[in-house]
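Heads up, the thing below is written out as structure tokens.
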Amino acid sequence: KYQFAGLSDISISEDTPVEGEITIPMRSRAREFDSSTLNESVRNTIMRDLKAVGKKFMHVLYPRKSNALLRDWDLWGPLILCVSLALMLQKSSVDGEPGGGPQFAEVFVIIWFGAVTITINSKLLGGNISFFQSLCVLGYCILPLTAAMLICRLVLLAGPGPINFMIRLFVVVVMFAWSVIASTAFLADSQPPNRKALAVYPVFLFYFVISWLILTFTP
């Protein structure tokens with residue numbers, strides 16, 4: 001009970017300031033203002049984002065175990081690849097006659113529904129990757145298949161035939177393997193060691209369906 005007995009004798013002088021102000025140095029304020037994207041032009045913002053997307057494309061072209069796509073994830077690259085692939089697979093119709101490929105909306109739904117399903121499966125298996133990180137990796141790894149679709153469109157200009165089909169089959173198989181290897185290189189460490197096969201199998205099916213759409217496309 002005598003612990004606070006001496007506190008009554010302590011008095012605060014009127015000349016002692018009891019109020020303060022937290023100040024930020026001007027140099028820190030200037031640095032924060034310069035790093036803000038609100039201060040840069042629209043052109044600089046677009047060029048910066050395009051450079052970031054291009055760097056991620058390079059990571060997919062040269063796949064290796066890295067967290068580059070996971071650390072700085074975005075959905076601009078997957079959106080660009082999805083739209084490009086859907087446009088190249090666009091079904092053409094004349095007088096209501098069906099063409100030889102799926103509609104734009106069908107491709108768009110297949111890609112994004114498949115990516116979301118794989119992501120949910122990964123989370124249910126105990127993966128330590130976020131939802132949008134998984135979508136980013138799966139979307140960027142469509143790049144080889146998008147390139148395969150472009151090559152197949154160019155090969156189809158020569159007309160149908162067995163040699164034409166064999167060339168397209170070879171290209172699609174190589175790019176399919178490239179997509180699977182690239183995606184697993186980024187996602188392998190995010191899954192429990194005893195469940196990696198269960199996480200990779202849906203990825204295999206996802207890129208297989210896209211590859212099948214590319215191989216069976218006829219303009």
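Chain labels follow the order of the structure tokens: the first chain is A, the next B, and so on; residue numbering restarts at 1 in every chain, and ligands are counted from 1 in their shown order.
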Skip segment 123-128 of chain A itself and residues of its chain fewer than 6 positions away, then list as a ChimeraX atom specification all residues within 9 Å of it, counting only C-alpha atoms. /A:189-192,195-196,198-199
Written file, previous selection with C-alpha atoms, as a PDB file, in the first residue's frame:
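Wrote out08.pdb, looks like this:
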```
ATOM      1  CA  ASP A 189       7.634 -25.542 -53.611  1.00  0.00           C
ATOM      2  CA  SER A 190       4.204 -24.249 -52.616  1.00  0.00           C
ATOM      3  CA  GLN A 191       2.717 -27.721 -52.117  1.00  0.00           C
ATOM      4  CA  PRO A 192       3.279 -30.295 -49.350  1.00  0.00           C
ATOM      5  CA  ARG A 195       0.753 -34.066 -52.258  1.00  0.00           C
ATOM      6  CA  LYS A 196       2.677 -32.620 -55.189  1.00  0.00           C
ATOM      7  CA  LEU A 198      -2.261 -34.370 -56.675  1.00  0.00           C
ATOM      8  CA  ALA A 199      -1.514 -30.698 -57.324  1.00  0.00           C
TER       9      ALA A 199
END
```
Name all residues at most 9 Å from Thr184 of chain A (count only C-alpha atoms; drop same-chain ones fewer than 4 positions away) and give them as a ChimeraX atom specification. /A:65,179-180,188-189,200,203
Residues of segment 56-199 of chain A in alpha helix (DSSP H), written as a ChimeraX atom specification: /A:56-61,68-71,76-88,104-124,131-140,143-156,162-187,196-199
In Å, with one decimal, what is the gap from atom CA of Ile167 of chain A to atom CA of Ala148 of chain A?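 Atom-to-atom, atom CA of Ile167 of chain A to atom CA of Ala148 of chain A, that is 10.8 Å.
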Select, from A:Met58, A:Val83, A:Val137, A:Leu50, the residue with the minimum atom-to-atom distance to Ala105 of chain A, counting only C-alpha atoms. A:Val83
Give me, as a PyMOL selection string, all polymer residues having an atom no more than 12 Å from Trp212 of chain A, counting only C-alpha atoms and skipping those fewer than 6 positions away in the same chain. chain A and resi 89+101-102+107+145+148-149+168-169+172-173+175-176+205-206+218
Go through A:Leu215, A:Val174, A:Thr119, A:Ile163 and flag the residue nearest Pro144 of chain A, using only C-alpha atoms for the distances. A:Val174
Kindly give the distance, in Å, that separates atom CA of Pro78 of chain A and atom CA of Glu40 of chain A, rounded to a single decimal.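 Atom CA of Glu40 of chain A lies 25.2 Å from atom CA of Pro78 of chain A.
Among A:Pro160, A:Phe108, A:Phe204, A:Leu135, the residue with the shortest atom-to-atom distance to Ile120 of chain A, counting only C-alpha atoms, is A:Leu135.
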So how many Å separate atom CA of Ala185 of chain A and atom CA of Asp49 of chain A, to one decimal? 23.9 Å
Quick one: everything within 12 Å of Leu81 of chain A, counting only C-alpha atoms, minus sequence neighbours fewer than 3 positions away in the same chain. Send it as a PyMOL selection string. chain A and resi 53+57+75-78+84-88+107-108+111-112+136+138-147+149-150
